[in-house]
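What follows is final_34.tsv (TSV, C-alpha atoms and all ligand atoms).
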chain	number	residue	atom	x	y	z
O	527	MET	CA	-19.55	8.38	15.73
O	528	SER	CA	-16.60	10.79	15.65
O	529	ILE	CA	-13.33	9.72	17.25
O	530	SER	CA	-11.58	11.90	19.85
O	531	LYS	CA	-8.59	13.81	18.45
O	532	ASN	CA	-6.62	12.65	21.52
O	533	THR	CA	-7.02	9.00	20.58
O	534	LYS	CA	-3.60	7.35	20.87
O	535	ILE	CA	-2.76	5.99	17.44
O	536	TYR	CA	0.24	3.84	16.52
O	537	VAL	CA	1.28	4.01	12.86
O	538	ALA	CA	3.61	1.07	12.15
O	539	GLY	CA	5.92	1.85	9.20
O	540	HIS	CA	5.58	5.64	9.51
O	541	ARG	CA	8.75	6.28	7.49
O	542	GLY	CA	7.47	4.32	4.50
O	543	MET	CA	5.58	5.83	1.59
O	544	VAL	CA	2.15	4.75	2.87
O	545	GLY	CA	2.83	5.08	6.61
O	546	SER	CA	4.10	8.65	6.20
O	547	ALA	CA	0.99	9.54	4.16
O	548	ILE	CA	-1.22	8.08	6.92
O	549	VAL	CA	0.60	10.24	9.50
O	550	ARG	CA	0.10	13.33	7.25
O	551	GLN	CA	-3.59	12.49	6.93
O	552	LEU	CA	-4.08	11.98	10.67
O	553	LEU	CA	-2.26	15.23	11.52
O	554	ALA	CA	-4.32	17.10	8.91
O	555	LYS	CA	-7.48	15.77	10.55
O	556	GLY	CA	-6.30	17.11	13.91
O	557	PHE	CA	-5.19	13.89	15.61
O	558	ASN	CA	-2.53	14.87	18.11
O	559	ASN	CA	-1.45	11.69	19.84
O	560	ILE	CA	0.37	9.65	17.20
O	561	VAL	CA	2.93	7.10	18.32
O	562	THR	CA	5.74	5.96	16.00
O	563	ARG	CA	8.94	3.91	16.15
O	564	THR	CA	11.59	3.60	13.47
O	565	HIS	CA	12.73	0.15	12.35
O	566	ALA	CA	15.98	0.72	14.28
O	567	GLU	CA	14.05	1.55	17.48
O	568	LEU	CA	11.61	-1.36	17.19
O	569	ASP	CA	12.11	-4.42	14.99
O	570	LEU	CA	8.56	-5.67	14.45
O	571	CYS	CA	9.93	-9.19	13.82
O	572	ASN	CA	11.01	-9.30	17.49
O	573	GLN	CA	8.08	-10.69	19.47
O	574	GLN	CA	9.33	-9.62	22.91
O	575	ALA	CA	10.18	-6.11	21.77
O	576	VAL	CA	6.73	-5.70	20.16
O	577	SER	CA	5.03	-7.02	23.30
O	578	ASP	CA	7.01	-4.60	25.51
O	579	PHE	CA	6.21	-1.70	23.17
O	580	PHE	CA	2.44	-2.34	23.21
O	581	LEU	CA	2.29	-2.82	26.96
O	582	GLN	CA	4.27	0.37	27.51
O	583	GLU	CA	2.46	2.61	24.98
O	584	LYS	CA	-1.03	1.05	25.07
O	585	PRO	CA	-2.28	2.65	21.84
O	586	GLU	CA	-6.02	2.66	21.16
O	587	GLN	CA	-5.76	2.28	17.37
O	588	VAL	CA	-3.14	0.75	15.06
O	589	TYR	CA	-2.42	1.30	11.36
O	590	LEU	CA	-0.22	-1.58	10.19
O	591	ALA	CA	1.68	-0.12	7.22
O	592	ALA	CA	5.06	-1.73	8.00
O	593	ALA	CA	6.08	-4.52	5.67
O	594	LYS	CA	9.04	-5.84	3.75
O	595	VAL	CA	8.19	-4.54	0.30
O	596	GLY	CA	9.99	-4.93	-3.03
O	597	GLY	CA	9.74	-5.43	-6.77
O	598	ILE	CA	9.84	-8.64	-8.81
O	599	HIS	CA	13.62	-8.93	-8.61
O	600	ALA	CA	13.75	-8.61	-4.81
O	601	ASN	CA	10.78	-10.97	-4.34
O	602	ASN	CA	12.48	-13.57	-6.57
O	603	THR	CA	15.88	-13.24	-4.93
O	604	TYR	CA	14.81	-13.11	-1.27
O	605	PRO	CA	11.59	-15.20	-1.01
O	606	ALA	CA	12.46	-16.48	2.49
O	607	GLU	CA	12.92	-12.94	3.84
O	608	PHE	CA	9.66	-11.80	2.22
O	609	ILE	CA	7.51	-14.54	3.70
O	610	TYR	CA	9.23	-14.76	7.10
O	611	GLN	CA	9.47	-11.04	7.87
O	612	ASN	CA	5.96	-10.21	6.71
O	613	LEU	CA	4.43	-13.10	8.66
O	614	MET	CA	6.38	-12.10	11.78
O	615	VAL	CA	5.49	-8.40	11.53
O	616	GLU	CA	1.78	-9.17	11.10
O	617	ALA	CA	1.58	-11.90	13.74
O	618	ASN	CA	3.52	-9.85	16.29
O	619	VAL	CA	1.68	-6.58	15.73
O	620	ILE	CA	-1.82	-8.09	15.56
O	621	HIS	CA	-1.37	-10.48	18.49
O	622	GLN	CA	0.39	-7.98	20.77
O	623	ALA	CA	-2.16	-5.30	19.85
O	624	PHE	CA	-4.83	-7.74	21.00
O	625	ASN	CA	-2.88	-8.52	24.22
O	626	ALA	CA	-2.67	-4.79	24.92
O	627	SER	CA	-6.45	-4.36	24.42
O	628	VAL	CA	-6.20	-2.40	21.15
O	629	ARG	CA	-9.78	-2.25	19.90
O	630	LYS	CA	-9.26	-1.01	16.36
O	631	LEU	CA	-6.58	-2.03	13.87
O	632	LEU	CA	-6.21	-1.57	10.11
O	633	PHE	CA	-4.01	-3.98	8.18
O	634	LEU	CA	-2.62	-2.95	4.78
O	635	GLY	CA	-2.34	-5.72	2.22
O	636	SER	CA	-1.85	-5.61	-1.51
O	637	SER	CA	-3.58	-6.45	-4.79
O	638	CYS	CA	-1.12	-9.36	-5.24
O	639	ILE	CA	-3.32	-11.41	-2.86
O	640	TYR	CA	-5.59	-12.15	-5.83
O	641	PRO	CA	-5.07	-15.12	-8.17
O	642	LYS	CA	-2.99	-14.51	-11.28
O	643	MET	CA	-5.95	-15.31	-13.53
O	644	ALA	CA	-8.62	-13.47	-11.48
O	645	ALA	CA	-11.36	-11.92	-13.60
O	646	GLN	CA	-10.85	-8.17	-14.20
O	647	PRO	CA	-11.68	-5.89	-12.47
O	648	MET	CA	-10.74	-7.97	-9.41
O	649	THR	CA	-13.42	-8.20	-6.74
O	650	GLU	CA	-12.86	-8.99	-3.07
O	651	ASP	CA	-14.42	-12.43	-3.47
O	652	ALA	CA	-11.67	-13.52	-5.91
O	653	LEU	CA	-9.47	-14.17	-2.87
O	654	LEU	CA	-8.35	-17.82	-2.58
O	655	THR	CA	-10.07	-18.87	-5.81
O	656	GLY	CA	-6.90	-19.77	-7.77
O	657	LYS	CA	-3.12	-19.87	-8.09
O	658	LEU	CA	-1.12	-16.78	-7.22
O	659	GLU	CA	1.48	-15.10	-9.42
O	660	ALA	CA	4.61	-17.22	-8.81
O	661	THR	CA	7.13	-14.36	-8.50
O	662	ASN	CA	5.57	-12.84	-5.39
O	663	GLU	CA	3.69	-15.84	-4.01
O	664	PRO	CA	5.56	-15.88	-0.64
O	665	TYR	CA	4.77	-12.19	-0.10
O	666	ALA	CA	1.14	-12.67	-1.17
O	667	VAL	CA	0.69	-15.67	1.13
O	668	ALA	CA	1.94	-13.55	4.05
O	669	LYS	CA	-0.49	-10.77	3.11
O	670	ILE	CA	-3.38	-13.26	2.92
O	671	ALA	CA	-2.32	-14.50	6.38
O	672	GLY	CA	-2.59	-10.90	7.62
O	673	ILE	CA	-6.21	-10.68	6.47
O	674	LYS	CA	-6.95	-14.05	8.06
O	675	LEU	CA	-5.28	-13.00	11.33
O	676	CYS	CA	-7.58	-9.97	11.55
O	677	GLU	CA	-10.63	-12.06	10.73
O	678	SER	CA	-9.74	-14.84	13.17
O	679	TYR	CA	-9.21	-12.42	16.08
O	680	ASN	CA	-12.53	-10.74	15.23
O	681	ARG	CA	-14.31	-14.08	15.07
O	682	GLN	CA	-12.88	-15.41	18.32
O	683	TYR	CA	-12.67	-12.22	20.40
O	684	GLY	CA	-14.77	-9.63	18.56
O	685	LEU	CA	-17.72	-9.79	20.92
O	686	SER	CA	-16.00	-10.79	24.16
O	687	HIS	CA	-13.22	-8.16	23.85
O	688	ASP	CA	-14.98	-5.58	21.66
O	689	ILE	CA	-12.28	-5.62	18.98
O	690	ASP	CA	-12.66	-4.67	15.33
O	691	TYR	CA	-9.65	-5.42	13.06
O	692	ARG	CA	-10.07	-4.48	9.39
O	693	SER	CA	-8.04	-4.89	6.18
O	694	VAL	CA	-7.58	-2.78	3.05
O	695	MET	CA	-6.01	-3.91	-0.23
O	696	PRO	CA	-4.44	-1.02	-2.15
O	697	THR	CA	-3.81	-1.00	-5.88
O	698	ASN	CA	-0.44	0.33	-7.22
O	699	LEU	CA	0.42	3.48	-5.29
O	700	TYR	CA	2.62	6.46	-6.12
O	701	GLY	CA	3.46	9.75	-4.48
O	702	PRO	CA	5.92	11.52	-2.19
O	703	GLY	CA	8.38	9.20	-0.48
O	704	ASP	CA	8.46	6.63	-3.28
O	705	ASN	CA	11.52	4.50	-4.03
O	706	TYR	CA	13.47	5.58	-7.15
O	707	HIS	CA	16.08	2.84	-7.12
O	708	PRO	CA	17.16	2.14	-10.74
O	709	GLU	CA	16.63	-1.65	-10.50
O	710	ASN	CA	14.08	-1.98	-7.77
O	711	SER	CA	11.31	0.57	-8.24
O	712	HIS	CA	7.71	0.42	-9.43
O	713	VAL	CA	6.65	1.73	-12.84
O	714	ILE	CA	5.84	5.37	-11.94
O	715	PRO	CA	9.01	6.17	-9.95
O	716	ALA	CA	11.09	4.29	-12.56
O	717	LEU	CA	9.60	6.40	-15.37
O	718	ILE	CA	10.00	9.65	-13.40
O	719	ARG	CA	13.66	8.91	-12.91
O	720	ARG	CA	14.20	7.90	-16.56
O	721	PHE	CA	12.46	10.99	-17.97
O	722	HIS	CA	14.16	13.31	-15.50
O	723	GLU	CA	17.60	11.94	-16.40
O	724	ALA	CA	16.78	12.13	-20.14
O	725	LYS	CA	15.72	15.77	-19.71
O	726	GLU	CA	18.90	16.62	-17.77
O	727	LYS	CA	21.08	15.00	-20.47
O	728	ASN	CA	19.02	16.34	-23.41
O	729	SER	CA	18.61	12.75	-24.66
O	730	PRO	CA	16.58	12.66	-27.89
O	731	GLU	CA	14.80	9.41	-26.95
O	732	VAL	CA	13.54	7.42	-23.98
O	733	ILE	CA	13.08	3.71	-24.69
O	734	ILE	CA	10.48	1.88	-22.59
O	735	TRP	CA	10.28	-1.91	-22.32
O	736	GLY	CA	7.26	-3.62	-23.88
O	737	THR	CA	4.56	-2.45	-26.27
O	738	GLY	CA	3.08	0.19	-23.95
O	739	THR	CA	-0.36	-1.40	-24.33
O	740	PRO	CA	-0.85	-3.05	-20.86
O	741	MET	CA	-3.43	-1.33	-18.68
O	742	ARG	CA	-2.60	-0.52	-15.05
O	743	GLU	CA	-4.32	1.29	-12.19
O	744	PHE	CA	-2.58	3.89	-10.00
O	745	LEU	CA	-3.71	5.61	-6.83
O	746	TYR	CA	-2.08	8.67	-5.25
O	747	VAL	CA	-0.73	7.73	-1.82
O	748	ASP	CA	-2.54	10.52	0.05
O	749	ASP	CA	-5.80	9.19	-1.37
O	750	MET	CA	-4.78	5.78	0.00
O	751	ALA	CA	-4.13	7.34	3.39
O	752	ALA	CA	-7.51	9.09	3.28
O	753	ALA	CA	-9.21	5.79	2.43
O	754	SER	CA	-7.38	4.09	5.31
O	755	VAL	CA	-8.59	6.65	7.84
O	756	PHE	CA	-12.08	6.51	6.30
O	757	ILE	CA	-12.23	2.72	6.75
O	758	MET	CA	-10.79	2.91	10.27
O	759	GLU	CA	-13.46	5.45	11.29
O	760	LEU	CA	-16.35	3.84	9.43
O	761	ASP	CA	-19.27	2.80	11.58
O	762	LYS	CA	-19.12	-0.94	12.32
O	763	SER	CA	-22.67	-1.51	11.13
O	764	ILE	CA	-21.73	-0.14	7.67
O	765	TYR	CA	-18.47	-2.11	7.49
O	766	ASP	CA	-20.30	-5.29	8.48
O	767	GLN	CA	-23.01	-4.63	5.89
O	768	TYR	CA	-20.44	-4.83	3.06
O	769	THR	CA	-18.17	-7.57	4.41
O	770	GLU	CA	-18.36	-11.13	5.76
O	771	PRO	CA	-16.56	-12.43	8.87
O	772	MET	CA	-14.37	-14.59	6.60
O	773	GLN	CA	-14.16	-12.15	3.70
O	774	SER	CA	-13.63	-8.83	5.36
O	775	HIS	CA	-11.02	-7.02	3.24
O	776	ILE	CA	-11.81	-3.96	1.14
O	777	ASN	CA	-10.20	-3.02	-2.19
O	778	VAL	CA	-8.85	0.51	-2.49
O	779	GLY	CA	-8.31	1.60	-6.08
O	780	PHE	CA	-8.60	4.65	-8.30
O	781	GLY	CA	-11.50	3.02	-10.15
O	782	ALA	CA	-10.01	3.27	-13.66
O	783	ASP	CA	-6.87	2.14	-15.42
O	784	ILE	CA	-4.59	3.66	-18.05
O	785	ARG	CA	-2.30	2.32	-20.81
O	786	ILE	CA	1.41	2.40	-19.95
O	787	LYS	CA	1.93	4.38	-23.20
O	788	GLU	CA	-0.46	7.12	-22.04
O	789	LEU	CA	1.07	7.10	-18.58
O	790	ALA	CA	4.55	7.60	-20.09
O	791	GLU	CA	3.29	10.51	-22.18
O	792	ILE	CA	1.75	12.19	-19.10
O	793	ILE	CA	4.93	11.71	-17.07
O	794	GLY	CA	7.01	13.09	-19.95
O	795	LYS	CA	4.78	16.20	-20.05
O	796	VAL	CA	4.80	16.71	-16.26
O	797	ILE	CA	8.60	16.55	-16.27
O	798	GLY	CA	8.96	18.71	-19.36
O	799	TYR	CA	10.79	16.13	-21.46
O	800	ARG	CA	10.64	17.09	-25.16
O	801	GLY	CA	12.27	14.07	-26.80
O	802	ARG	CA	10.76	10.90	-28.36
O	803	ILE	CA	9.19	8.06	-26.42
O	804	THR	CA	9.85	4.69	-28.06
O	805	PHE	CA	8.53	1.27	-27.02
O	806	ASP	CA	10.75	-1.80	-27.35
O	807	SER	CA	8.19	-4.46	-28.22
O	808	SER	CA	10.83	-7.23	-28.14
O	809	LYS	CA	10.71	-6.94	-24.32
O	810	PRO	CA	7.97	-8.62	-22.22
O	811	ASP	CA	4.75	-6.80	-21.38
O	812	GLY	CA	3.44	-8.64	-18.31
O	813	THR	CA	-0.28	-9.07	-17.61
O	814	PRO	CA	-2.40	-7.14	-20.16
O	815	LYS	CA	-4.72	-5.68	-17.52
O	816	LYS	CA	-4.72	-5.33	-13.74
O	817	LEU	CA	-7.55	-3.37	-12.21
O	818	MET	CA	-9.26	-3.55	-8.84
O	819	ASN	CA	-13.00	-3.43	-8.46
O	820	SER	CA	-13.45	-0.76	-5.77
O	821	GLU	CA	-17.26	-0.64	-5.93
O	822	ARG	CA	-17.62	-1.85	-2.34
O	823	LEU	CA	-15.60	1.08	-1.03
O	824	LYS	CA	-17.56	3.46	-3.25
O	825	GLN	CA	-20.83	2.13	-1.86
O	826	MET	CA	-19.45	2.66	1.64
O	827	GLY	CA	-18.99	6.33	0.69
O	828	TRP	CA	-15.37	6.86	-0.44
O	829	CYS	CA	-13.74	7.43	-3.80
O	830	ALA	CA	-10.38	8.76	-5.02
O	831	ARG	CA	-9.92	12.51	-5.46
O	832	VAL	CA	-6.47	13.12	-6.89
O	833	ASN	CA	-6.15	12.71	-10.67
O	834	LEU	CA	-2.99	11.40	-12.28
O	835	VAL	CA	-1.69	14.74	-13.58
O	836	ASP	CA	-2.05	16.46	-10.19
O	837	GLY	CA	-0.64	13.48	-8.30
O	838	LEU	CA	2.33	13.15	-10.66
O	839	THR	CA	3.06	16.89	-10.49
O	840	ILE	CA	3.33	16.76	-6.67
O	841	THR	CA	5.33	13.53	-6.87
O	842	TYR	CA	7.85	15.04	-9.29
O	843	GLN	CA	8.32	18.07	-7.02
O	844	ASP	CA	9.02	15.65	-4.15
O	845	PHE	CA	11.48	13.70	-6.34
O	846	LEU	CA	13.39	16.93	-7.05
O	847	LYS	CA	13.73	17.57	-3.31
O	848	GLN	CA	15.29	14.17	-2.55
O	849	PRO	CA	19.08	14.46	-2.25
O	850	ASN	CA	20.05	11.00	-3.54
O	851	ARG	CA	16.65	9.97	-4.93
O	852	TYR	CA	16.89	6.28	-4.03
O	901	LIG	N1	3.77	1.05	-2.58
O	901	LIG	C1	2.78	0.45	-3.22
O	901	LIG	O1	2.58	0.63	-4.44
O	901	LIG	C2	1.85	-0.44	-2.46
O	901	LIG	C3	0.81	-1.03	-3.19
O	901	LIG	C4	-0.06	-1.89	-2.53
O	901	LIG	C5	0.13	-2.14	-1.17
O	901	LIG	N2	1.12	-1.56	-0.48
O	901	LIG	C6	1.26	-1.91	0.94
O	901	LIG	O2	1.40	-0.80	1.78
O	901	LIG	C7	2.24	-1.12	2.89
O	901	LIG	C8	3.36	-0.10	3.00
O	901	LIG	O3	4.08	-0.06	1.76
O	901	LIG	P1	5.08	1.12	1.39
O	901	LIG	O4	5.07	1.26	-0.08
O	901	LIG	O5	4.83	2.28	2.27
O	901	LIG	O6	6.46	0.41	1.79
O	901	LIG	P2	7.81	1.11	2.32
O	901	LIG	O7	7.91	2.49	1.78
O	901	LIG	O8	8.89	0.13	2.06
O	901	LIG	O9	7.54	1.21	3.89
O	901	LIG	C9	7.52	0.10	4.73
O	901	LIG	C10	8.02	0.52	6.08
O	901	LIG	O10	7.99	-0.61	6.96
O	901	LIG	C11	9.18	-0.62	7.71
O	901	LIG	N3	9.51	-1.98	8.14
O	901	LIG	C12	9.70	-3.07	7.36
O	901	LIG	N4	10.04	-4.13	8.11
O	901	LIG	C13	10.05	-3.70	9.41
O	901	LIG	C14	10.33	-4.34	10.64
O	901	LIG	N5	10.68	-5.64	10.72
O	901	LIG	N6	10.26	-3.59	11.78
O	901	LIG	C15	9.94	-2.28	11.71
O	901	LIG	N7	9.66	-1.63	10.57
O	901	LIG	C16	9.72	-2.33	9.41
O	901	LIG	C17	10.23	-0.09	6.76
O	901	LIG	O11	11.35	0.37	7.45
O	901	LIG	P3	12.82	0.17	6.80
O	901	LIG	O12	12.75	0.81	5.44
O	901	LIG	O13	13.73	0.83	7.77
O	901	LIG	O14	13.00	-1.33	6.71
O	901	LIG	C18	9.46	1.03	6.05
O	901	LIG	O15	9.54	2.24	6.76
O	901	LIG	C19	2.75	-2.55	2.63
O	901	LIG	O16	1.99	-3.45	3.38
O	901	LIG	C20	2.50	-2.76	1.17
O	901	LIG	O17	2.23	-4.10	0.86
O	901	LIG	C21	2.01	-0.71	-1.09

Just dump the structure as structure tokens.
Amino acid sequence: MSISKNTKIYVAGHRGMVGSAIVRQLLAKGFNNIVTRTHAELDLCNQQAVSDFFLQEKPEQVYLAAAKVGGIHANNTYPAEFIYQNLMVEANVIHQAFNASVRKLLFLGSSCIYPKMAAQPMTEDALLTGKLEATNEPYAVAKIAGIKLCESYNRQYGLSHDIDYRSVMPTNLYGPGDNYHPENSHVIPALIRRFHEAKEKNSPEVIIWGTGTPMREFLYVDDMAAASVFIMELDKSIYDQYTEPMQSHINVGFGADIRIKELAEIIGKVIGYRGRITFDSSKPDGTPKKLMNSERLKQMGWCARVNLVDGLTITYQDFLKQPNRY
């Protein structure tokens, strides 16, 4: 069933990398009634403010892409902020959406919800089967709570209030709007920055931590946004066919991984860096492989479109346009 282009849609976190891609995707599909609030206008940790916002705006659909997000260092240094703020944002948005009769909501989680030792590629049913990675456990617990909030509201009120709250778990994302902070960025933006600076300075060598052998998966953020809208619009009978009431989240990945060494070489080429790439194998590598199993999503009818070279080329152009780049 197609959804009216006038449907009032609230995108929480619309200034973030994923939220802004969801807004781009919705506008490209012709949706013309998108509601947004900046963090300064609406602190999603403030229960009363979130309640007032929902009762005033009464959106029909919600994409929950607001979250306190950060790398290993930030997660380790501010664990209380990571668990508290993410739990508050999710509980406030999901509960007040329900109070305001929002029928459809999509919650964005993360691949860190899966146990550290989960079999690769990680399937949806690995959730809650083992210990989490210690460094981001508080964040992951909050994300698991978000999935369980959606499921619990569906189970208690799904039939009586005709609500349908779904969850998607993205793999590592990259694209326009990423964070290029020197100490607090993910692998792709960190490498873009390093190679760009090396090119500017004519440095003969870029040294990368680790052996370069770990395998990682990366998805272009506009693909993630397309998958989000796809899942939001998917017929309930199809969504229900592939999920369980208490295991309702869907993995969103590219479907293949790549060695860090190969990734670095591609980024070097996209940027036009002509020097040497050296790996410092005295530095730690991290998990050898982290890949999502996205078969369920594929069976539902969606798969990624943007390959790494194309995605990185657009991302680098966006990087060049950013005035302070982090
Ligand atoms: N980026 C990835 O590789 C990746 C991978 C897997 C999953 N995800 C998931 O995707 C979602 C979005 O991530 P992202 O990369 O787009 O993060 P992001 O760029 O940091 O965006 C998050 C947005 O949420 C807003 N926000 C945070 N706390 C808020 C609050 N209390 N009230 C109102 N707004 C608040 C932030 O505003 P301020 O900046 O003003 O605080 C920011 O605009 C997250 O749930 C994340 O777990 C991301």

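With all atoms listed in the file as the atoms that count, the residue of O:Asn625, O:Thr655, O:Gln611, O:Gln843 with the shortest distance to O:Gln582 is O:Asn625.
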
When you look at O:Ala782 with a cut-off of 10 Å (counting all atoms listed in the file), what residues show up, excluding the ones that are within fewer than 6 positions of it in the same chain? I need them as a PyMOL selection string. chain O and resi 647+741-745+817-820

For ligand LIG 901 (chain O), collect every residue having any atom at a distance of at most 6 Å from a ligand atom (counting all atoms listed in the file); output as a PyMOL selection string. chain O and resi 539-545+565+568-571+591-595+615+634-636+696-699

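Atom CA of O:Arg692 sits 27.0 Å away from atom CA of O:Asn705.
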
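The neighbours of O:Arg831 here are the residues that come within 7 Å of it, using only C-alpha atoms and leaving out any residue fewer than 2 positions away in the same chain; they are Asp749, Cys829 and Asn833 of chain O.
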
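One distance worth recording is that between atom CA of O:Asp651 and atom CA of O:Asn777, which is 10.4 Å.
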
Give me the residues within 12 Å of O:Ile793 as a short mmCIF file (atom, residue, chain, number, x, y, z; two decimals) with C-alpha atoms, in the coordinates of the input, counting only C-alpha atoms and dropping any in the same chain fewer than 4 places off.
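Wrote part.cif, looks like this:
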data_model
loop_
_atom_site.label_atom_id
_atom_site.label_comp_id
_atom_site.auth_asym_id
_atom_site.auth_seq_id
_atom_site.Cartn_x
_atom_site.Cartn_y
_atom_site.Cartn_z
CA VAL O 713 6.65 1.73 -12.84
CA ILE O 714 5.84 5.37 -11.94
CA PRO O 715 9.01 6.17 -9.95
CA ALA O 716 11.09 4.29 -12.56
CA LEU O 717 9.60 6.40 -15.37
CA ILE O 718 10.00 9.65 -13.40
CA ARG O 719 13.66 8.91 -12.91
CA ARG O 720 14.20 7.90 -16.56
CA PHE O 721 12.46 10.99 -17.97
CA HIS O 722 14.16 13.31 -15.50
CA LYS O 725 15.72 15.77 -19.71
CA VAL O 732 13.54 7.42 -23.98
CA ILE O 786 1.41 2.40 -19.95
CA LYS O 787 1.93 4.38 -23.20
CA GLU O 788 -0.46 7.12 -22.04
CA LEU O 789 1.07 7.10 -18.58
CA ILE O 797 8.60 16.55 -16.27
CA GLY O 798 8.96 18.71 -19.36
CA TYR O 799 10.79 16.13 -21.46
CA ARG O 800 10.64 17.09 -25.16
CA ILE O 803 9.19 8.06 -26.42
CA LEU O 834 -2.99 11.40 -12.28
CA VAL O 835 -1.69 14.74 -13.58
CA ASP O 836 -2.05 16.46 -10.19
CA GLY O 837 -0.64 13.48 -8.30
CA LEU O 838 2.33 13.15 -10.66
CA THR O 839 3.06 16.89 -10.49
CA ILE O 840 3.33 16.76 -6.67
CA THR O 841 5.33 13.53 -6.87
CA TYR O 842 7.85 15.04 -9.29
#

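Between atom CA of O:Lys534 and atom CA of O:Gln573 lies a distance of 21.5 Å.
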
From the options O:Thr649, O:Thr804, O:Thr769, O:Ser546, which residue's atoms come nearest to O:Ala790, counting all atoms listed in the file? O:Thr804

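The closest residue to O:Glu586, picked from O:Gln574, O:Asn602, O:Ser637, O:Ser530 and counting all atoms listed in the file, is O:Ser530.
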
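The nearest approach to O:Phe580 among the residues O:Lys727, O:His621, O:Lys669, O:Lys555, with all atoms listed in the file taken into account, belongs to O:His621.
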
Of O:Val694, O:Leu760, O:Ile560, O:Ile673, the one nearest to O:Ile529 when counting only C-alpha atoms is O:Leu760

Report as lines of an AutoDock Vina configuration file the centre and the edge lengths, in Å to one decimal, of the axis-aligned box holding every listed atom of stretch 700-710 of chain O, padded by 4 Å on each side.
center_x = 9.9
center_y = 4.8
center_z = -5.6
size_x = 22.5
size_y = 21.5
size_z = 18.3

Selection: 12 Å around stretch 675-681 of chain O, all atoms listed in the file, excl. self and same-chain fewer than 6 positions, as a ChimeraX atom specification: /O:590,613-625,627-635,668-669,687-694,766,769-775

Hey, which of O:Val549, O:Ile598, O:Val667, O:Ala538 ends up closest to O:Val576? Count only C-alpha atoms. O:Ala538

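Point (-1.9, 16.0, 18.8) has the following residues at most 10 Å away: Lys531, Asn532, Thr533, Lys534, Leu552, Leu553, Lys555, Gly556, Phe557, Asn558, Asn559 and Ile560 of chain O (atoms considered: all atoms listed in the file).
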
Close residues, stretch 642-644 of chain O itself excluded, 9 Å, all atoms listed in the file, min 4 positions apart in chain, as number ranges by chain: O: 638, 648-649, 652-653, 655-660, 813
